[in-house]
>>> print(open('entry-v6.txt').read())   # compact mmCIF, C-alpha atoms and all ligand atoms
# COMPACT_ATOMS: atom_id res chain seq x y z
CA MET A 1 183.59 67.36 167.46
CA ARG A 2 187.15 66.23 166.98
CA ILE A 3 187.97 63.30 164.68
CA ASP A 4 191.41 61.77 164.23
CA VAL A 5 191.81 59.37 161.30
CA LEU A 6 194.66 56.85 161.37
CA THR A 7 195.37 55.70 157.84
CA LEU A 8 198.05 54.78 155.32
CA PHE A 9 196.44 57.16 152.80
CA PRO A 10 195.77 60.54 154.44
CA GLU A 11 195.73 62.25 151.03
CA VAL A 12 192.45 60.59 149.98
CA PHE A 13 190.58 62.52 152.70
CA GLU A 14 191.53 66.04 151.53
CA PRO A 15 188.84 66.58 148.84
CA PHE A 16 186.07 65.18 151.07
CA LEU A 17 187.05 67.35 154.02
CA SER A 18 186.78 70.53 151.96
CA ALA A 19 183.65 69.73 149.91
CA SER A 20 179.96 70.06 150.61
CA ILE A 21 178.51 69.19 154.02
CA ILE A 22 181.74 67.99 155.66
CA GLY A 23 183.50 71.09 154.30
CA ARG A 24 180.84 73.31 155.81
CA ALA A 25 181.10 71.55 159.18
CA VAL A 26 184.91 72.01 159.14
CA GLU A 27 184.66 75.66 157.96
CA GLY A 28 182.08 76.48 160.59
CA GLY A 29 184.14 74.92 163.38
CA SER A 30 181.60 72.19 164.29
CA LEU A 31 184.10 69.56 163.15
CA SER A 32 187.87 69.27 163.19
CA VAL A 33 189.49 66.33 161.36
CA ARG A 34 193.15 65.38 161.56
CA CYS A 35 194.70 62.56 159.53
CA VAL A 36 197.70 60.67 160.84
CA ASN A 37 199.78 58.29 158.73
CA PHE A 38 200.72 54.96 160.34
CA ARG A 39 203.83 55.04 158.15
CA ASP A 40 205.21 58.00 160.15
CA PHE A 41 205.45 55.53 163.05
CA ALA A 42 207.38 52.82 161.18
CA LYS A 43 210.60 51.82 162.91
CA ASP A 44 212.88 50.54 160.11
CA THR A 45 214.62 52.36 157.24
CA HIS A 46 212.12 50.90 154.75
CA LYS A 47 209.24 52.46 156.72
CA SER A 48 207.48 49.07 156.91
CA VAL A 49 203.93 49.03 158.23
CA ASP A 50 202.96 45.55 157.06
CA ASP A 51 204.47 42.09 156.90
CA ARG A 52 203.71 38.54 155.75
CA PRO A 53 201.28 36.54 157.87
CA PHE A 54 202.69 33.96 160.29
CA GLY A 55 201.57 30.52 159.10
CA GLY A 56 201.73 31.59 155.47
CA GLY A 57 199.04 32.63 153.08
CA PRO A 58 198.49 35.47 150.65
CA GLY A 59 198.76 39.18 151.25
CA MET A 60 200.22 41.37 153.94
CA VAL A 61 199.08 42.15 157.47
CA LEU A 62 199.18 45.53 159.17
CA MET A 63 201.74 45.38 162.01
CA CYS A 64 200.99 46.21 165.64
CA GLY A 65 203.88 48.62 166.23
CA PRO A 66 202.99 51.50 163.90
CA VAL A 67 199.27 51.24 164.78
CA PHE A 68 199.72 51.29 168.57
CA ASP A 69 202.37 54.04 168.32
CA ALA A 70 200.18 56.20 166.05
CA LEU A 71 197.20 55.74 168.37
CA GLU A 72 199.22 56.56 171.50
CA SER A 73 200.66 59.64 169.82
CA VAL A 74 197.22 60.91 168.79
CA GLU A 75 195.79 60.32 172.26
CA SER A 76 198.81 61.66 174.18
CA ASP A 77 197.33 65.15 174.59
CA ALA A 78 194.06 63.64 175.84
CA GLU A 79 191.98 65.26 178.52
CA THR A 80 189.09 62.87 177.81
CA GLU A 81 188.80 59.36 176.38
CA PRO A 82 187.95 59.23 172.67
CA VAL A 83 185.54 56.70 171.20
CA ARG A 84 187.69 54.47 169.00
CA VAL A 85 186.31 52.96 165.80
CA ILE A 86 188.09 50.28 163.79
CA LEU A 87 186.78 50.02 160.24
CA THR A 88 186.70 46.42 159.09
CA PRO A 89 184.32 44.23 157.07
CA GLN A 90 184.06 42.10 160.23
CA GLY A 91 182.49 44.89 162.30
CA GLU A 92 178.85 45.56 163.19
CA LEU A 93 176.90 47.00 160.27
CA LEU A 94 176.73 50.80 160.28
CA THR A 95 173.22 52.15 160.77
CA GLN A 96 171.66 55.57 161.29
CA LYS A 97 171.34 54.64 164.97
CA ILE A 98 175.11 54.12 165.29
CA LEU A 99 175.75 57.42 163.46
CA THR A 100 173.46 59.22 165.92
CA GLU A 101 175.29 57.67 168.87
CA LEU A 102 178.71 58.60 167.47
CA ALA A 103 177.57 62.14 166.59
CA SER A 104 176.90 62.81 170.29
CA LYS A 105 180.53 62.14 171.27
CA PRO A 106 183.11 64.91 171.50
CA TRP A 107 185.99 62.91 170.05
CA LEU A 108 186.34 59.95 167.65
CA VAL A 109 189.52 58.16 166.66
CA ILE A 110 189.03 56.16 163.45
CA LEU A 111 191.44 53.40 162.42
CA CYS A 112 191.44 52.37 158.75
CA GLY A 113 192.67 48.89 157.93
CA HIS A 114 194.36 47.89 154.71
CA TYR A 115 196.03 44.93 153.05
CA GLU A 116 194.63 41.57 154.15
CA GLY A 117 193.80 42.98 157.54
CA PHE A 118 195.09 43.92 160.97
CA ASP A 119 197.28 41.85 163.21
CA GLU A 120 194.67 40.31 165.56
CA ARG A 121 196.37 41.95 168.56
CA ILE A 122 195.27 45.35 167.24
CA ARG A 123 191.65 44.25 167.60
CA THR A 124 192.13 42.55 170.95
CA GLY A 125 194.59 45.08 172.41
CA ILE A 126 192.71 48.27 171.57
CA GLU A 127 189.31 48.93 173.10
CA ALA A 128 187.32 49.95 170.04
CA ARG A 129 184.00 49.64 168.30
CA GLU A 130 184.43 47.63 165.08
CA VAL A 131 182.27 48.90 162.25
CA SER A 132 181.58 47.73 158.68
CA ILE A 133 179.67 49.77 156.09
CA GLY A 134 178.13 46.76 154.32
CA ASP A 135 178.43 43.17 153.26
CA TYR A 136 181.02 43.62 150.54
CA VAL A 137 184.79 43.91 150.55
CA LEU A 138 186.73 47.12 149.93
CA SER A 139 190.50 47.26 149.56
CA GLY A 140 190.77 49.54 152.57
CA GLY A 141 188.88 51.27 155.34
CA GLU A 142 189.30 54.78 153.86
CA PRO A 143 186.05 54.90 151.83
CA ALA A 144 184.25 53.58 154.93
CA ALA A 145 185.83 56.33 157.07
CA ILE A 146 184.56 58.95 154.62
CA VAL A 147 181.07 57.41 154.81
CA LEU A 148 181.21 57.51 158.61
CA ILE A 149 182.53 61.08 158.81
CA ASP A 150 179.89 62.32 156.33
CA GLY A 151 177.09 60.57 158.18
CA VAL A 152 178.22 62.00 161.53
CA ALA A 153 179.07 65.53 160.29
CA ARG A 154 175.60 66.22 158.94
CA LEU A 155 174.10 65.39 162.34
CA LEU A 156 176.23 67.94 164.22
CA PRO A 157 174.28 70.98 165.47
CA GLY A 158 174.18 73.81 162.96
CA VAL A 159 175.65 71.87 160.00
CA LEU A 160 172.50 71.33 157.92
CA GLY A 161 170.27 74.25 156.97
CA GLY A 162 167.26 73.57 159.16
CA GLU A 163 167.35 71.14 162.02
CA GLU A 164 164.14 69.66 160.64
CA SER A 165 166.09 68.45 157.57
CA VAL A 166 167.43 65.66 159.78
CA GLU A 167 164.11 65.07 161.56
CA GLU A 168 162.11 65.04 158.31
CA GLU A 169 164.22 62.58 156.43
CA SER A 170 163.67 58.91 155.90
CA PHE A 171 165.91 56.93 158.19
CA SER A 172 165.33 58.98 161.32
CA ARG A 173 161.61 58.23 161.04
CA GLY A 174 162.12 54.65 159.89
CA TYR A 175 160.76 55.09 156.35
CA LEU A 176 162.35 55.67 152.97
CA GLU A 177 162.14 59.19 151.56
CA TYR A 178 158.91 60.36 149.89
CA PRO A 179 159.15 61.60 146.24
CA GLN A 180 160.30 65.21 145.78
CA TYR A 181 159.72 67.56 142.83
CA THR A 182 160.88 71.03 141.83
CA ARG A 183 160.35 73.29 138.77
CA PRO A 184 159.21 72.88 136.07
CA ARG A 185 155.69 71.56 136.73
CA ASP A 186 155.80 69.74 133.40
CA PHE A 187 159.06 68.23 132.20
CA ARG A 188 158.70 66.44 128.84
CA GLY A 189 155.15 65.49 129.73
CA MET A 190 156.07 64.17 133.18
CA THR A 191 154.01 66.21 135.57
CA VAL A 192 154.17 66.98 139.29
CA PRO A 193 151.45 65.31 141.41
CA GLU A 194 148.55 67.72 141.78
CA VAL A 195 148.45 67.51 145.57
CA LEU A 196 151.89 69.18 145.85
CA LEU A 197 150.60 72.22 143.96
CA SER A 198 147.42 72.45 146.05
CA GLY A 199 148.84 74.55 148.87
CA ASP A 200 146.90 72.32 151.31
CA HIS A 201 149.62 71.48 153.81
CA GLY A 202 147.54 68.89 155.64
CA ARG A 203 146.88 66.96 152.43
CA ILE A 204 150.52 67.31 151.38
CA ARG A 205 151.76 65.90 154.70
CA ALA A 206 149.31 62.98 154.49
CA TRP A 207 150.32 62.24 150.87
CA ARG A 208 154.04 62.28 151.74
CA THR A 209 153.58 59.94 154.71
CA GLU A 210 151.51 57.56 152.59
CA GLN A 211 154.11 57.59 149.80
CA ALA A 212 156.97 57.01 152.25
CA LYS A 213 155.17 54.02 153.79
CA LYS A 214 154.23 52.56 150.40
CA ARG A 215 157.80 52.86 149.16
CA THR A 216 159.24 51.29 152.29
CA LEU A 217 156.81 48.37 152.11
CA GLU A 218 157.63 47.77 148.42
CA ARG A 219 161.38 48.20 148.53
CA ARG A 220 162.59 47.69 152.11
CA PRO A 221 160.03 45.79 154.17
CA ASP A 222 162.93 44.81 156.44
CA LEU A 223 163.00 48.43 157.70
CA LEU A 224 159.49 48.24 159.10
CA GLY A 225 159.35 47.25 162.71
CA ASP A 226 162.93 47.33 163.84
CA ASP A 227 164.74 50.03 165.80
CA ARG A 228 166.86 51.56 163.05
CL1 LIG B 301 185.03 49.17 157.08
N1 LIG B 301 186.57 47.98 155.32
C1 LIG B 301 186.79 47.22 154.24
N2 LIG B 301 188.06 46.98 153.84
N3 LIG B 301 185.82 46.67 153.51
C2 LIG B 301 184.58 46.92 153.91
C3 LIG B 301 184.27 47.72 155.02
C4 LIG B 301 185.33 48.23 155.73
N4 LIG B 301 182.95 47.78 155.17
C5 LIG B 301 182.45 47.05 154.17
N5 LIG B 301 183.42 46.54 153.41
>>> encode(input="entry-v6.txt", output="structure tokens", more="lines below")
Ligand code: 6GU
Amino acid sequence: MRIDVLTLFPEVFEPFLSASIIGRAVEGGSLSVRCVNFRDFAKDTHKSVDDRPFGGGPGMVLMCGPVFDALESVESDAETEPVRVILTPQGELLTQKILTELASKPWLVILCGHYEGFDERIRTGIEAREVSIGDYVLSGGEPAAIVLIDGVARLLPGVLGGEESVEEESFSRGYLEYPQYTRPRDFRGMTVPEVLLSGDHGRIRAWRTEQAKKRTLERRPDLLGDDR
């Protein structure tokens, strides 16, 4: 998969692209990420990318010019159409289902907003999926882009150890994760449930399913019975 990230802060992506799961996906060639700075497409000597809102009000608004020019530059070598994603608190809430959909695409172009927002003509003039990572406000789309790239990268074929890691885990099956334990069997008097030491794989599977359901009912009943 190819991902292009359009941002005012390309440098914040570096450590995430080389660490852990995303790093492994990039190393192994399953994922290629390129960051492009809107500011490289500014027209004036001050390299302006934002301006005051028409009609007044606080803050600055990301201008159309540098955003459209950056996007057209990134897509100029296109043989296929990318899926474009604009990260904004006004977008649809990111779910595991959306991550799965995006992970099946060969090419994503991610636009990170900043300041008080985008000029509205960026939203209306660019055909894109608008995505938010939750009902809270961040100062920019960059942390959201890292969340999205991480969530997609780990779904790419060959990135996680066993393919069943994805299948096994909570959100793909609609439940929260069951409790996990590793050595030692007794840590400061807190012991590992006996069933996990029994070697009876049928009982272990049943216990884990029961625990996952119980946890989901207690903590996230909203997850039961929808299509996430
Ligand atoms: Cl995608 N951007 C910003 N600035 N804030 C957010 C967000 C995105 N998702 C949740 N809050």
>>> residues_near_ligand(input="entry-v6.txt", ligand="ligand LIG 301 (chain B)", cutoff="6 Å", atoms="all atoms listed in the file", output="PyMOL selection string")
chain A and resi 87-89+131-141+144
>>> atom_distance(input="entry-v6.txt", atom1="atom CA of Leu223 of chain A", atom2="atom CA of Lys97 of chain A")
12.7 Å
>>> residues_around(input="entry-v6.txt", residues="Ala212 of chain A", least_positions_apart="5", cutoff="12 Å", atoms="all atoms listed in the file", output="JSON, numbers by chain")
{"A": [168, 169, 170, 171, 173, 174, 175, 176, 177, 178, 179, 180, 205, 206, 207, 217, 218, 219, 220, 221, 223, 224]}
>>> write_last_selection(input="entry-v6.txt", atoms="C-alpha atoms", output="PDB file, keeping the file's coordinate frame")
ATOM      1  CA  GLU A 168     162.110  65.040 158.310  1.00  0.00           C
ATOM      2  CA  GLU A 169     164.220  62.580 156.430  1.00  0.00           C
ATOM      3  CA  SER A 170     163.670  58.910 155.900  1.00  0.00           C
ATOM      4  CA  PHE A 171     165.910  56.930 158.190  1.00  0.00           C
ATOM      5  CA  ARG A 173     161.610  58.230 161.040  1.00  0.00           C
ATOM      6  CA  GLY A 174     162.120  54.650 159.890  1.00  0.00           C
ATOM      7  CA  TYR A 175     160.760  55.090 156.350  1.00  0.00           C
ATOM      8  CA  LEU A 176     162.350  55.670 152.970  1.00  0.00           C
ATOM      9  CA  GLU A 177     162.140  59.190 151.560  1.00  0.00           C
ATOM     10  CA  TYR A 178     158.910  60.360 149.890  1.00  0.00           C
ATOM     11  CA  PRO A 179     159.150  61.600 146.240  1.00  0.00           C
ATOM     12  CA  GLN A 180     160.300  65.210 145.780  1.00  0.00           C
ATOM     13  CA  ARG A 205     151.760  65.900 154.700  1.00  0.00           C
ATOM     14  CA  ALA A 206     149.310  62.980 154.490  1.00  0.00           C
ATOM     15  CA  TRP A 207     150.320  62.240 150.870  1.00  0.00           C
ATOM     16  CA  LEU A 217     156.810  48.370 152.110  1.00  0.00           C
ATOM     17  CA  GLU A 218     157.630  47.770 148.420  1.00  0.00           C
ATOM     18  CA  ARG A 219     161.380  48.200 148.530  1.00  0.00           C
ATOM     19  CA  ARG A 220     162.590  47.690 152.110  1.00  0.00           C
ATOM     20  CA  PRO A 221     160.030  45.790 154.170  1.00  0.00           C
ATOM     21  CA  LEU A 223     163.000  48.430 157.700  1.00  0.00           C
ATOM     22  CA  LEU A 224     159.490  48.240 159.100  1.00  0.00           C
TER      23      LEU A 224
END
>>> atom_distance(input="entry-v6.txt", atom1="atom CA of Ile21 of chain A", atom2="atom CA of Arg154 of chain A")
6.4 Å
>>> atom_distance(input="entry-v6.txt", atom1="atom CA of Val49 of chain A", atom2="atom CA of Leu8 of chain A")
8.7 Å
>>> closest_residue(input="entry-v6.txt", among="A:Pro58, A:Pro66, A:Pro106, A:Gly29", to="Thr7 of chain A", atoms="all atoms listed in the file")
A:Pro66
>>> closest_residue(input="entry-v6.txt", among="A:Glu194, A:Asp50, A:Glu210, A:Asp40", to="Asp119 of chain A", atoms="all atoms listed in the file")
A:Asp50
>>> residues_near_point(input="entry-v6.txt", point="(201.1, 47.7, 172.6)", cutoff="12 Å", atoms="all atoms listed in the file", output="ChimeraX atom specification")
/A:63-72,119,121-127
>>> residues_around(input="entry-v6.txt", residues="segment 189-193 of chain A", least_positions_apart="5", cutoff="12 Å", atoms="only C-alpha atoms", output="CSV table (one decimal) with C-alpha atoms, keeping the file's coordinate frame")
chain,number,residue,atom,x,y,z
A,179,PRO,CA,159.2,61.6,146.2
A,180,GLN,CA,160.3,65.2,145.8
A,181,TYR,CA,159.7,67.6,142.8
A,182,THR,CA,160.9,71.0,141.8
A,183,ARG,CA,160.4,73.3,138.8
A,184,PRO,CA,159.2,72.9,136.1
A,198,SER,CA,147.4,72.4,146.0
A,204,ILE,CA,150.5,67.3,151.4
A,207,TRP,CA,150.3,62.2,150.9
A,208,ARG,CA,154.0,62.3,151.7
A,211,GLN,CA,154.1,57.6,149.8
